[in-house]
>>> print(open('structure37.cif').read())   # mmCIF, C-alpha atoms
data_run
loop_
_atom_site.label_atom_id
_atom_site.label_comp_id
_atom_site.auth_asym_id
_atom_site.auth_seq_id
_atom_site.Cartn_x
_atom_site.Cartn_y
_atom_site.Cartn_z
CA MET A 54 7.38 -2.01 -0.83
CA LEU A 55 6.70 -5.45 -2.15
CA HIS A 56 3.43 -6.20 -0.51
CA GLY A 57 0.21 -6.62 -2.34
CA LEU A 58 -1.90 -4.04 -3.99
CA ARG A 59 -4.65 -2.85 -1.81
CA LYS A 60 -8.10 -3.31 -3.18
CA LEU A 61 -8.61 0.36 -3.84
CA ASP A 62 -5.30 0.72 -5.59
CA MET A 63 -6.01 -2.17 -7.82
CA LEU A 64 -9.50 -1.19 -8.82
CA GLU A 65 -8.67 2.43 -9.31
CA THR A 66 -5.64 1.59 -11.33
CA ASP A 67 -7.77 -0.65 -13.39
CA HIS A 68 -10.32 2.02 -14.13
CA SER A 69 -7.82 4.63 -15.06
CA LEU A 70 -5.34 2.45 -16.85
CA SER A 71 -7.31 -0.27 -18.42
CA GLU A 72 -8.18 1.33 -21.72
CA ASP A 73 -4.84 2.83 -22.58
CA ALA A 74 -2.83 0.08 -21.08
CA GLN A 75 -4.84 -2.46 -22.93
CA THR A 76 -4.39 -0.76 -26.26
CA ALA A 77 -0.72 -0.16 -25.67
CA SER A 78 0.10 -3.61 -24.54
CA ARG A 79 -2.23 -5.29 -26.99
CA THR A 80 -0.30 -3.68 -29.81
CA LEU A 81 2.85 -5.03 -28.31
CA ALA A 82 1.26 -8.30 -27.36
CA GLN A 83 0.30 -8.92 -30.95
CA SER A 84 3.90 -9.20 -31.86
CA PHE A 85 4.37 -11.67 -29.06
CA GLY A 86 1.19 -13.49 -29.94
CA ILE A 87 2.71 -16.16 -32.06
CA TRP A 88 0.34 -18.66 -30.56
CA LYS A 89 -2.32 -17.44 -32.92
CA ALA A 90 -1.16 -17.60 -36.47
CA ASP A 91 -3.65 -14.99 -37.65
CA GLU A 92 -2.25 -12.42 -35.26
CA ARG A 93 1.29 -12.72 -36.48
CA VAL A 94 2.93 -9.47 -37.23
CA SER A 95 4.03 -9.14 -40.77
CA VAL A 96 7.55 -7.88 -41.06
CA THR A 97 8.00 -8.32 -44.76
CA SER A 98 8.63 -4.61 -45.24
CA THR A 99 11.33 -4.54 -42.60
CA THR A 100 14.62 -2.95 -43.37
CA LYS A 101 16.30 -4.98 -40.67
CA THR A 102 17.51 -8.34 -41.78
CA SER A 103 19.68 -9.48 -38.91
CA PHE A 104 18.95 -10.11 -35.26
CA SER A 105 20.14 -7.81 -32.52
CA GLU A 106 23.50 -8.46 -30.88
CA GLN A 107 21.78 -9.57 -27.71
CA THR A 108 19.62 -12.11 -29.51
CA GLU A 109 22.65 -13.48 -31.35
CA TRP A 110 24.60 -13.80 -28.09
CA MET A 111 21.74 -15.52 -26.36
CA LEU A 112 21.18 -17.96 -29.22
CA LYS A 113 24.86 -18.88 -29.16
CA VAL A 114 24.63 -19.46 -25.43
CA ARG A 115 21.50 -21.54 -25.90
CA ASP A 116 22.55 -23.61 -28.89
CA GLN A 117 26.34 -23.75 -28.65
CA ARG A 118 26.91 -23.11 -24.93
CA CYS A 119 29.24 -20.32 -26.06
CA LYS A 120 31.06 -18.74 -23.11
CA THR A 121 32.33 -15.79 -25.11
CA SER A 122 28.77 -14.80 -25.91
CA PHE A 123 27.80 -15.38 -22.32
CA GLY A 124 30.62 -13.03 -21.31
CA ALA A 125 29.19 -10.39 -23.63
CA LEU A 126 25.75 -10.80 -22.07
CA PHE A 127 27.29 -10.66 -18.61
CA ASP A 128 29.19 -7.47 -19.37
CA HIS A 129 26.06 -5.83 -20.67
CA PHE A 130 23.50 -7.00 -18.15
CA ALA A 131 25.32 -7.58 -14.86
CA PRO A 132 26.08 -3.87 -14.25
CA ARG A 133 22.52 -2.93 -15.21
CA LEU A 134 21.03 -5.59 -12.98
CA ARG A 135 23.22 -4.28 -10.21
CA GLY A 136 21.97 -0.78 -10.87
CA MET A 137 18.36 -1.93 -10.80
CA LEU A 138 18.76 -3.96 -7.63
CA MET A 139 20.55 -1.21 -5.76
CA LYS A 140 17.91 1.27 -6.77
CA ASN A 141 15.39 -1.17 -5.34
CA GLY A 142 17.11 -0.97 -2.00
CA PHE A 143 19.46 -3.94 -2.13
CA GLY A 144 22.83 -3.52 -0.47
CA ALA A 145 25.94 -4.06 -2.57
CA ALA A 146 26.67 -7.56 -1.30
CA GLN A 147 23.09 -8.75 -1.56
CA ALA A 148 22.78 -7.23 -5.02
CA ASP A 149 25.90 -9.11 -6.08
CA ASP A 150 24.43 -12.38 -4.85
CA VAL A 151 21.28 -11.80 -6.88
CA VAL A 152 23.25 -10.76 -9.96
CA GLN A 153 25.26 -13.96 -9.65
CA ASP A 154 22.12 -16.10 -9.34
CA VAL A 155 20.42 -14.36 -12.22
CA MET A 156 23.37 -14.64 -14.59
CA LEU A 157 23.84 -18.30 -13.71
CA SER A 158 20.14 -18.84 -14.40
CA VAL A 159 20.59 -17.18 -17.78
CA TRP A 160 23.20 -19.84 -18.52
CA ARG A 161 21.32 -22.77 -17.02
CA LYS A 162 17.86 -21.91 -18.28
CA ALA A 163 19.06 -20.85 -21.71
CA ALA A 164 17.12 -23.73 -23.28
CA SER A 165 13.88 -22.02 -22.38
CA PHE A 166 14.83 -18.78 -24.13
CA ASN A 167 12.70 -18.41 -27.23
CA PRO A 168 13.35 -15.27 -29.29
CA GLU A 169 10.04 -15.76 -31.04
CA ARG A 170 8.33 -15.03 -27.76
CA ALA A 171 10.58 -12.69 -25.83
CA GLU A 172 13.42 -10.31 -26.28
CA VAL A 173 16.56 -11.00 -24.27
CA SER A 174 16.18 -8.03 -21.92
CA GLY A 175 12.54 -8.89 -21.12
CA TRP A 176 13.51 -12.51 -20.53
CA ILE A 177 16.34 -11.54 -18.18
CA PHE A 178 14.17 -8.93 -16.46
CA GLN A 179 11.65 -11.63 -15.63
CA ILE A 180 14.33 -13.97 -14.24
CA ALA A 181 15.73 -11.13 -12.13
CA ARG A 182 12.33 -10.11 -10.85
CA ASN A 183 11.46 -13.66 -9.82
CA ARG A 184 14.79 -14.07 -8.07
CA GLN A 185 14.45 -10.74 -6.32
CA ILE A 186 11.04 -11.62 -4.95
CA ASP A 187 12.23 -15.07 -3.90
CA VAL A 188 15.05 -13.46 -1.94
CA ILE A 189 12.86 -10.86 -0.27
CA ARG A 190 9.94 -13.13 0.55
CA LYS A 191 12.00 -16.27 1.05
CA GLU A 192 9.64 -18.35 -1.02
CA ARG A 193 9.30 -19.36 -4.62
CA ARG A 194 7.21 -17.07 -6.69
CA PRO A 195 4.36 -18.65 -8.67
CA VAL A 196 5.21 -18.71 -12.38
CA PRO A 197 3.20 -19.93 -15.36
CA GLU A 198 3.82 -23.36 -16.79
CA GLU A 199 6.52 -23.19 -19.42
CA LEU A 200 5.51 -23.89 -22.96
CA ALA A 201 7.05 -26.97 -24.49
CA MET A 202 10.10 -26.07 -26.51
CA PRO A 203 10.13 -27.06 -30.15
CA GLU A 204 12.37 -30.01 -30.97
CA SER A 205 14.36 -28.01 -33.45
CA THR A 206 16.50 -25.01 -32.63
CA ASP A 207 15.51 -23.33 -35.88
CA VAL A 208 13.91 -20.00 -35.33
CA ASP A 209 11.28 -18.22 -37.35
CA GLY A 210 13.39 -15.25 -38.38
CA GLU A 211 10.47 -13.08 -39.36
CA GLN A 212 8.81 -13.59 -36.03
CA VAL A 213 12.03 -12.83 -34.14
CA LEU A 214 12.52 -9.64 -36.11
CA GLY A 215 8.91 -8.72 -35.48
CA VAL A 216 9.38 -9.04 -31.73
CA GLU A 217 12.61 -7.05 -31.91
CA GLN A 218 11.01 -4.31 -33.95
CA GLU A 219 8.06 -3.90 -31.65
CA THR A 220 10.33 -3.80 -28.64
CA ALA A 221 12.52 -1.21 -30.34
CA LYS A 222 9.46 0.96 -30.84
CA LEU A 223 8.55 0.50 -27.23
CA ARG A 224 12.03 1.56 -26.18
CA SER A 225 11.97 4.69 -28.25
CA ALA A 226 8.54 5.49 -26.85
CA ILE A 227 9.87 5.05 -23.31
CA ALA A 228 12.87 7.21 -24.16
CA ARG A 229 10.55 10.02 -25.17
CA LEU A 230 8.50 10.11 -22.00
CA ASN A 231 8.95 13.20 -19.94
CA PRO A 232 10.78 12.65 -16.65
CA GLU A 233 7.61 12.57 -14.57
CA GLN A 234 5.90 10.07 -16.82
CA ARG A 235 9.03 8.04 -16.96
CA GLU A 236 9.23 7.90 -13.22
CA LEU A 237 5.68 6.65 -12.93
CA VAL A 238 6.19 3.93 -15.53
CA GLU A 239 9.34 2.88 -13.71
CA LYS A 240 7.56 2.69 -10.42
CA ALA A 241 4.75 0.64 -11.90
CA TYR A 242 7.13 -1.86 -13.50
CA LEU A 243 9.88 -1.97 -10.95
CA GLY A 244 7.49 -2.77 -8.18
CA GLU A 245 7.61 0.34 -6.04
CA PHE A 246 4.17 1.33 -6.92
CA THR A 247 0.96 1.86 -5.10
CA HIS A 248 -1.12 4.95 -5.60
CA SER A 249 -1.10 5.86 -1.96
CA GLU A 250 2.67 5.47 -1.75
CA ILE A 251 3.19 7.74 -4.70
CA ARG A 252 0.88 10.27 -3.17
CA ASP A 253 2.85 10.14 0.06
CA GLN A 254 6.12 10.62 -1.74
CA THR A 255 5.15 13.44 -3.98
CA GLY A 256 2.29 15.13 -2.20
CA LEU A 257 0.35 15.02 -5.44
CA PRO A 258 -3.37 14.40 -5.37
CA LEU A 259 -4.46 11.01 -6.63
CA GLY A 260 -6.33 12.35 -9.64
CA THR A 261 -3.26 14.08 -10.98
CA ILE A 262 -1.19 10.97 -10.60
CA LYS A 263 -3.72 8.86 -12.38
CA SER A 264 -3.97 11.24 -15.28
CA ARG A 265 -0.20 11.39 -15.52
CA ILE A 266 0.04 7.65 -15.71
CA ARG A 267 -2.65 7.66 -18.32
CA LEU A 268 -0.79 10.27 -20.33
CA GLY A 269 2.35 8.22 -20.11
CA LEU A 270 0.68 5.15 -21.44
CA GLU A 271 -1.25 7.08 -24.01
CA ARG A 272 1.99 8.44 -25.25
CA LEU A 273 3.36 4.95 -25.47
CA ARG A 274 0.32 3.85 -27.38
CA HIS A 275 0.57 6.67 -29.87
CA GLU A 276 4.21 6.04 -30.44
CA LEU A 277 3.50 2.41 -31.05
CA LYS A 278 0.57 3.12 -33.31
CA GLY A 279 2.19 5.90 -35.25
CA GLU A 280 5.07 3.77 -36.35
CA ARG A 281 3.08 0.80 -37.46
CA MET B 80 -8.51 -24.63 -26.14
CA THR B 81 -11.90 -23.05 -25.56
CA GLU B 82 -12.36 -19.34 -25.83
CA ILE B 83 -11.69 -17.49 -22.60
CA SER B 84 -13.75 -14.35 -22.21
CA HIS B 85 -12.77 -13.00 -18.78
CA HIS B 86 -9.08 -12.21 -18.52
CA ILE B 87 -6.64 -10.82 -15.98
CA PRO B 88 -7.04 -7.02 -15.74
CA GLN B 89 -4.07 -5.12 -17.16
CA SER B 90 -3.26 -3.42 -13.87
CA VAL B 91 -3.04 -6.82 -12.21
CA LEU B 92 -0.68 -8.04 -14.93
CA THR B 93 1.53 -5.00 -14.44
CA ALA B 94 1.58 -5.62 -10.71
CA TYR B 95 2.44 -9.27 -11.33
CA VAL B 96 5.32 -8.35 -13.64
CA SER B 97 6.62 -5.78 -11.17
CA GLY B 98 6.38 -8.22 -8.28
CA SER B 99 4.13 -6.02 -6.20
CA LEU B 100 1.14 -8.34 -6.48
CA ALA B 101 0.24 -10.24 -3.32
CA ARG B 102 1.19 -13.92 -3.54
CA PRO B 103 -2.34 -15.38 -3.59
CA PHE B 104 -3.19 -13.25 -6.63
CA ALA B 105 0.16 -14.00 -8.25
CA LEU B 106 -0.78 -17.66 -8.09
CA VAL B 107 -4.08 -17.04 -9.89
CA VAL B 108 -2.26 -14.98 -12.52
CA ALA B 109 0.32 -17.73 -13.06
CA ALA B 110 -2.43 -20.37 -13.27
CA HIS B 111 -4.48 -18.33 -15.72
CA ILE B 112 -1.51 -17.58 -17.96
CA SER B 113 -0.68 -21.29 -17.97
CA ILE B 114 -3.92 -21.88 -19.85
CA CYS B 115 -4.55 -18.54 -21.61
CA GLU B 116 -2.61 -17.76 -24.76
CA ASP B 117 -3.79 -14.17 -24.90
CA CYS B 118 -2.60 -13.30 -21.43
CA ARG B 119 0.69 -15.10 -22.04
CA ALA B 120 1.26 -12.70 -24.90
CA GLU B 121 0.15 -9.76 -22.76
CA LEU B 122 2.58 -10.85 -20.08
CA ALA B 123 5.43 -10.95 -22.59
CA ALA B 124 4.53 -7.40 -23.61
CA HIS B 125 4.61 -6.20 -20.01
CA GLU B 126 7.91 -7.99 -19.46
CA ALA B 127 9.27 -6.22 -22.51
CA VAL B 128 8.56 -2.92 -20.77
CA GLY B 129 10.51 -4.19 -17.77
CA GLY B 130 13.29 -5.36 -20.07
CA ALA B 131 13.47 -1.99 -21.78
CA LEU B 132 13.77 -0.27 -18.41
CA LEU B 133 16.45 -2.73 -17.29
CA ASP B 134 18.40 -2.17 -20.48
CA ASP B 135 18.26 1.53 -19.87
CA PHE B 136 19.47 1.41 -16.27
CA ASP B 137 22.65 3.23 -15.41
CA PRO B 138 25.18 0.43 -15.13
CA ILE B 139 26.98 0.06 -11.81
CA MET B 140 30.33 -1.61 -12.30
CA VAL B 141 30.57 -5.16 -11.07
CA SER B 142 33.77 -6.57 -9.65
CA ASP B 143 36.01 -8.99 -11.53
CA ASP B 144 35.54 -11.20 -8.55
CA LEU B 145 31.82 -11.50 -9.24
CA ARG B 146 32.49 -12.19 -12.90
CA ASP B 147 34.94 -14.92 -11.95
CA ARG B 148 32.48 -16.48 -9.53
CA VAL B 149 29.80 -16.62 -12.20
CA PHE B 150 32.15 -18.11 -14.77
CA ALA B 151 33.35 -20.65 -12.24
CA GLY B 152 29.72 -21.70 -11.81
CA LEU B 153 29.13 -22.34 -15.50
CA ASP B 154 30.68 -25.77 -15.40
CA ASP B 155 28.80 -26.90 -12.31
CA ASP B 156 26.68 -29.86 -13.08
CA ILE B 157 23.44 -28.48 -11.80
CA VAL B 158 20.39 -30.46 -12.76
CA GLU B 159 17.42 -28.15 -12.74
CA PRO B 160 14.44 -29.95 -11.22
CA ALA B 161 11.98 -30.99 -13.90
CA PRO B 162 9.15 -28.48 -13.98
CA VAL B 163 5.85 -29.66 -12.58
CA LYS B 164 3.30 -30.41 -15.28
CA GLY B 165 -0.29 -29.30 -15.18
CA THR B 166 -3.17 -31.72 -15.56
CA ALA B 167 -6.34 -31.33 -17.61
CA VAL B 168 -7.89 -29.53 -14.63
CA TYR B 169 -5.06 -28.17 -12.50
CA PRO B 170 -2.47 -25.89 -14.15
CA ALA B 171 1.18 -26.37 -13.18
CA PRO B 172 1.37 -23.65 -10.50
CA VAL B 173 -1.59 -25.29 -8.73
CA MET B 174 -0.15 -28.80 -9.10
CA GLU B 175 3.01 -27.49 -7.53
CA LEU B 176 1.14 -26.42 -4.40
CA LEU B 177 -0.68 -29.77 -4.36
CA ASN B 178 2.72 -31.49 -4.50
CA GLY B 179 1.55 -33.31 -7.58
CA LYS B 180 -1.26 -35.07 -5.73
CA ALA B 181 -5.04 -34.87 -6.01
CA PRO B 182 -6.59 -32.23 -3.74
CA LYS B 183 -7.88 -33.31 -0.34
CA TRP B 184 -11.37 -31.92 -0.23
CA ARG B 185 -13.14 -30.90 2.94
CA SER B 186 -16.83 -30.22 3.12
CA LEU B 187 -18.01 -26.63 3.33
CA GLY B 188 -21.68 -27.59 3.63
CA PRO B 189 -24.20 -28.86 1.10
CA GLY B 190 -22.83 -29.02 -2.42
CA ALA B 191 -19.52 -27.34 -1.61
CA LYS B 192 -16.01 -28.46 -0.78
CA GLN B 193 -12.74 -26.67 -0.38
CA CYS B 194 -9.07 -27.43 -0.30
CA ILE B 195 -6.89 -24.69 1.16
CA LEU B 196 -3.63 -24.39 -0.74
CA GLU B 197 -2.06 -21.57 1.21
CA ALA B 198 -3.10 -19.11 3.85
CA GLY B 199 -1.05 -16.48 5.51
CA GLU B 200 -0.60 -12.80 6.06
CA ALA B 201 -0.82 -11.96 2.38
CA GLY B 202 -4.21 -13.66 2.15
CA SER B 203 -5.20 -17.10 1.03
CA VAL B 204 -5.71 -19.23 -2.00
CA ARG B 205 -7.83 -22.34 -2.20
CA LEU B 206 -9.70 -24.64 -4.48
CA LEU B 207 -13.48 -24.67 -4.33
CA GLN B 208 -15.63 -27.43 -5.72
CA ILE B 209 -19.30 -26.68 -6.19
CA ALA B 210 -21.81 -29.38 -7.12
CA PRO B 211 -23.97 -28.75 -10.20
CA GLY B 212 -26.80 -26.35 -9.45
CA PHE B 213 -25.46 -25.30 -6.05
CA GLU B 214 -24.53 -21.84 -4.95
CA VAL B 215 -21.05 -20.98 -3.78
CA PRO B 216 -21.49 -20.81 0.00
CA ASP B 217 -21.37 -17.43 1.62
CA HIS B 218 -17.68 -16.98 2.07
CA THR B 219 -16.69 -14.05 4.13
CA HIS B 220 -14.08 -11.94 2.49
CA GLY B 221 -13.26 -8.43 3.33
CA GLY B 222 -10.89 -7.78 0.49
CA LEU B 223 -10.42 -8.37 -3.16
CA GLU B 224 -11.07 -11.79 -4.60
CA LEU B 225 -9.83 -13.29 -7.85
CA THR B 226 -11.53 -16.50 -8.94
CA LEU B 227 -10.28 -18.66 -11.80
CA VAL B 228 -12.54 -21.42 -13.12
CA LEU B 229 -10.69 -24.68 -13.71
CA GLN B 230 -13.57 -27.00 -14.51
CA GLY B 231 -17.28 -26.62 -15.25
CA ALA B 232 -18.81 -23.18 -15.10
CA PHE B 233 -20.73 -20.82 -12.88
CA LYS B 234 -23.00 -17.89 -13.51
CA ASP B 235 -23.63 -14.80 -11.50
CA GLU B 236 -24.50 -11.14 -11.97
CA GLY B 237 -21.15 -10.68 -13.71
CA GLY B 238 -21.90 -13.22 -16.43
CA ARG B 239 -20.93 -16.79 -17.20
CA PHE B 240 -17.53 -18.04 -16.14
CA ALA B 241 -16.10 -21.23 -17.60
CA ARG B 242 -12.66 -22.84 -17.63
CA GLY B 243 -9.96 -20.19 -17.83
CA ASP B 244 -12.24 -17.28 -16.97
CA VAL B 245 -11.29 -14.99 -14.10
CA GLU B 246 -13.76 -13.07 -11.99
CA VAL B 247 -12.58 -10.03 -10.08
CA ALA B 248 -14.81 -9.20 -7.13
CA ASP B 249 -14.72 -7.14 -3.98
CA ASP B 250 -17.11 -6.36 -1.16
CA ASP B 251 -19.01 -3.82 -3.16
CA VAL B 252 -20.06 -6.42 -5.68
CA GLU B 253 -23.07 -8.41 -4.64
CA HIS B 254 -22.68 -11.71 -6.35
CA THR B 255 -24.19 -15.11 -5.85
CA PRO B 256 -22.36 -17.50 -8.14
CA ARG B 257 -24.21 -20.71 -8.96
CA ALA B 258 -22.61 -23.73 -10.60
CA GLU B 259 -24.06 -24.81 -13.91
CA MET B 260 -25.50 -28.23 -14.44
CA GLY B 261 -23.05 -30.80 -15.75
CA GLU B 262 -19.73 -31.51 -14.09
CA PRO B 263 -18.90 -29.99 -10.70
CA CYS B 264 -17.43 -26.50 -10.93
CA ILE B 265 -13.87 -26.29 -9.63
CA CYS B 266 -12.36 -22.86 -9.02
CA LEU B 267 -9.11 -21.43 -7.75
CA ALA B 268 -10.04 -18.59 -5.43
CA ALA B 269 -7.61 -16.07 -3.97
CA THR B 270 -8.24 -13.27 -1.54
CA ASP B 271 -6.04 -10.81 0.26
CA ALA B 272 -8.25 -10.87 3.34
CA PRO B 273 -7.73 -13.44 6.07
CA LEU B 274 -9.99 -16.44 5.71
CA GLU B 275 -12.74 -16.76 8.21
CA PHE B 276 -13.77 -20.29 8.78
CA LYS B 277 -17.41 -20.76 9.43
CA GLY B 278 -19.32 -23.80 10.42
CA LEU B 279 -17.76 -27.06 9.48
CA MET B 280 -14.10 -26.27 9.53
CA PRO B 281 -12.89 -27.39 12.94
CA ARG B 282 -11.05 -24.73 14.84
CA LEU B 283 -8.40 -27.26 15.62
CA LEU B 284 -7.23 -27.23 12.06
CA GLN B 285 -6.66 -23.54 11.94
CA PRO B 286 -3.13 -23.55 13.30
CA LEU B 287 -2.22 -25.94 10.51
CA PHE B 288 -3.01 -23.22 8.06
CA ARG B 289 -0.96 -20.66 9.90
CA ILE B 290 -3.79 -18.27 10.50
#
>>> encode(input="structure37.cif", output="structure tokens")
Amino acid sequence: MLHGLRKLDMLETDHSLSEDAQTASRTLAQSFGIWKADERVSVTSTTKTSFSEQTEWMLKVRDQRCKTSFGALFDHFAPRLRGMLMKNGFGAAQADDVVQDVMLSVWRKAASFNPERAEVSGWIFQIARNRQIDVIRKERRPVPEELAMPESTDVDGEQVLGVEQETAKLRSAIARLNPEQRELVEKAYLGEFTHSEIRDQTGLPLGTIKSRIRLGLERLRHELKGER
Amino acid sequence: MTEISHHIPQSVLTAYVSGSLARPFALVVAAHISICEDCRAELAAHEAVGGALLDDFDPIMVSDDLRDRVFAGLDDDIVEPAPVKGTAVYPAPVMELLNGKAPKWRSLGPGAKQCILEAGEAGSVRLLQIAPGFEVPDHTHGGLELTLVLQGAFKDEGGRFARGDVEVADDDVEHTPRAEMGEPCICLAATDAPLEFKGLMPRLLQPLFRI
């Protein structure tokens, strides 16, 4: 399940996905692209003026080492992480071990959480995914060099809201996918995905699968575009 | 930072985020993102998709026992090891595999050297150093190859590749990369096919690389 993409899978995926995926994720990426000032997303017209609960919790964990907020994050994410891991084939005990490691990492690596760059769920997803792969492959997964954290804990509120807004749009777009599209997006992002595997599971011809994935992403793109 | 014109394909980023990407390629992705602002943003976007899916998962109740264990761990005085820093040439994920030391180059023939970072069942990843004006030696690979330029530049049928650029190639692509004049071209090259050593690499060394 977690072995590499075969050449064919990768190239074919690239051909069929690249355009839509690029547009979809570029739209999203722009809101994460704080590294280029000219690509900043303007959120002056936003109706939202406060951060999400999750962001507030995480900032309190990061800046004040607040255990109450950590408890809130635990109660929200631990059961979902468990759900995700068990769906990925982990047994209950092994899933619990990973949940424990991940939640402790959330606490210990809190200093590297930057709401201007990532939303809490995406940040935790990435920690969980790395941990999961480390456990399965028994080796440390290569990760990019971390950006230096700013000296100050002040956050650029507009930027944080921009990231939150874009992610909210993404969520509503995902929520509106039909079940088949949803399943394909899940497989692609939860790591169960190769074209040939999907074909084996569903008996669908490759072309159909590819066009379904494309439709799914196109839908995402339209949702994201339409609400801008 | 100079402009990077050849990035990681979206499908490869998705596979990296999902964890299904073979380790040699994951290393190239991590190295590229370490020096490419655009792809770092793209990665965050892909992770947001993962985060949204996680947030939407049907929760499965966790035991109080697990909660207690986690809370008991909060006060542990764990010192996270300081992250490895990249150098002007080698991004952090590469430095990590080099154990923070300069690469030990071995000759691959005229104008070319290599330093194997990892080789195993999932493929291999290595550094290549090509002298100015020389061609990359004919390296047998039966699979997909991702090449990230770390220093200097090379040109081939696919265009010009300078620091930060990634070339995606497979068997079907005839390409004869040649290093530009100037400083030697150093690349990080990953393939999912087993390495075949030709010529100068003594067979004796092969067990060292677990092939």
>>> interface_residues(input="structure37.cif", of="chain B", to="chain A", cutoff="6 Å", atoms="only C-alpha atoms", output="PyMOL selection string")
chain B and resi 89-90+97-101+106+109+112-113+120-121+124+126-127+129-131+136+138-141+149+171+223
>>> resolve_selection(input="structure37.cif", expression="the PyMOL selection byres ((chain B and resi 192-206) around 7)", output="PDB file with C-alpha atoms, keeping the file's coordinate frame")
ATOM      1  CA  ALA B 101       0.240 -10.240  -3.320  1.00  0.00           C
ATOM      2  CA  ARG B 102       1.190 -13.920  -3.540  1.00  0.00           C
ATOM      3  CA  PRO B 103      -2.340 -15.380  -3.590  1.00  0.00           C
ATOM      4  CA  LEU B 176       1.140 -26.420  -4.400  1.00  0.00           C
ATOM      5  CA  PRO B 182      -6.590 -32.230  -3.740  1.00  0.00           C
ATOM      6  CA  LYS B 183      -7.880 -33.310  -0.340  1.00  0.00           C
ATOM      7  CA  TRP B 184     -11.370 -31.920  -0.230  1.00  0.00           C
ATOM      8  CA  ARG B 185     -13.140 -30.900   2.940  1.00  0.00           C
ATOM      9  CA  SER B 186     -16.830 -30.220   3.120  1.00  0.00           C
ATOM     10  CA  LEU B 187     -18.010 -26.630   3.330  1.00  0.00           C
ATOM     11  CA  ALA B 191     -19.520 -27.340  -1.610  1.00  0.00           C
ATOM     12  CA  LEU B 207     -13.480 -24.670  -4.330  1.00  0.00           C
ATOM     13  CA  GLN B 208     -15.630 -27.430  -5.720  1.00  0.00           C
ATOM     14  CA  ILE B 209     -19.300 -26.680  -6.190  1.00  0.00           C
ATOM     15  CA  ILE B 265     -13.870 -26.290  -9.630  1.00  0.00           C
ATOM     16  CA  CYS B 266     -12.360 -22.860  -9.020  1.00  0.00           C
ATOM     17  CA  LEU B 267      -9.110 -21.430  -7.750  1.00  0.00           C
ATOM     18  CA  ALA B 268     -10.040 -18.590  -5.430  1.00  0.00           C
ATOM     19  CA  ALA B 269      -7.610 -16.070  -3.970  1.00  0.00           C
ATOM     20  CA  THR B 270      -8.240 -13.270  -1.540  1.00  0.00           C
ATOM     21  CA  ASP B 271      -6.040 -10.810   0.260  1.00  0.00           C
ATOM     22  CA  ALA B 272      -8.250 -10.870   3.340  1.00  0.00           C
ATOM     23  CA  PRO B 273      -7.730 -13.440   6.070  1.00  0.00           C
ATOM     24  CA  LEU B 274      -9.990 -16.440   5.710  1.00  0.00           C
ATOM     25  CA  PHE B 288      -3.010 -23.220   8.060  1.00  0.00           C
ATOM     26  CA  ARG B 289      -0.960 -20.660   9.900  1.00  0.00           C
ATOM     27  CA  ILE B 290      -3.790 -18.270  10.500  1.00  0.00           C
TER      28      ILE B 290
END
>>> atom_distance(input="structure37.cif", atom1="atom CA of Glu224 of chain B", atom2="atom CA of Pro189 of chain B")
22.3 Å
>>> residues_around(input="structure37.cif", residues="Phe233 of chain B", least_positions_apart="5", cutoff="8 Å", atoms="all atoms listed in the file", output="PDB file with C-alpha atoms, in the coordinates of the input")
ATOM      1  CA  ARG B 239     -20.930 -16.790 -17.200  1.00  0.00           C
ATOM      2  CA  PHE B 240     -17.530 -18.040 -16.140  1.00  0.00           C
ATOM      3  CA  ALA B 241     -16.100 -21.230 -17.600  1.00  0.00           C
ATOM      4  CA  PRO B 256     -22.360 -17.500  -8.140  1.00  0.00           C
ATOM      5  CA  ARG B 257     -24.210 -20.710  -8.960  1.00  0.00           C
ATOM      6  CA  ALA B 258     -22.610 -23.730 -10.600  1.00  0.00           C
ATOM      7  CA  GLU B 259     -24.060 -24.810 -13.910  1.00  0.00           C
ATOM      8  CA  CYS B 264     -17.430 -26.500 -10.930  1.00  0.00           C
TER       9      CYS B 264
END
>>> resolve_selection(input="structure37.cif", expression="the PyMOL selection byres ((chain B and resi 84) around 9)", output="PyMOL selection string")
chain B and resi 82-83+85-86+240-241+243-245
>>> closest_residue(input="structure37.cif", among="B:Gly165, B:Gly237, B:Gly152, B:Gly261", to="Asn178 of chain B", atoms="only C-alpha atoms")
B:Gly165
>>> atom_distance(input="structure37.cif", atom1="atom CA of Pro263 of chain B", atom2="atom CA of Leu229 of chain B")
10.2 Å
>>> atom_distance(input="structure37.cif", atom1="atom CA of Leu227 of chain B", atom2="atom CA of Gly188 of chain B")
21.2 Å
>>> decode(input="structure37.cif", residues="segment 125-129 of chain A", atoms="N, CA and C atoms", output="PDB file, in the first residue's frame")
ATOM      1  N   ALA A 125      -8.281  20.355  24.572  1.00  0.00           N
ATOM      2  CA  ALA A 125      -9.321  20.579  23.562  1.00  0.00           C
ATOM      3  C   ALA A 125      -8.870  20.042  22.211  1.00  0.00           C
ATOM      4  N   LEU A 126      -7.609  20.291  21.877  1.00  0.00           N
ATOM      5  CA  LEU A 126      -7.074  19.769  20.610  1.00  0.00           C
ATOM      6  C   LEU A 126      -7.052  18.246  20.630  1.00  0.00           C
ATOM      7  N   PHE A 127      -6.660  17.688  21.775  1.00  0.00           N
ATOM      8  CA  PHE A 127      -6.619  16.236  21.906  1.00  0.00           C
ATOM      9  C   PHE A 127      -8.014  15.651  21.684  1.00  0.00           C
ATOM     10  N   ASP A 128      -8.999  16.240  22.352  1.00  0.00           N
ATOM     11  CA  ASP A 128     -10.352  15.683  22.273  1.00  0.00           C
ATOM     12  C   ASP A 128     -10.926  15.776  20.861  1.00  0.00           C
ATOM     13  N   HIS A 129     -10.471  16.792  20.130  1.00  0.00           N
ATOM     14  CA  HIS A 129     -10.949  16.895  18.755  1.00  0.00           C
ATOM     15  C   HIS A 129     -10.195  15.946  17.827  1.00  0.00           C
TER      16      HIS A 129
END
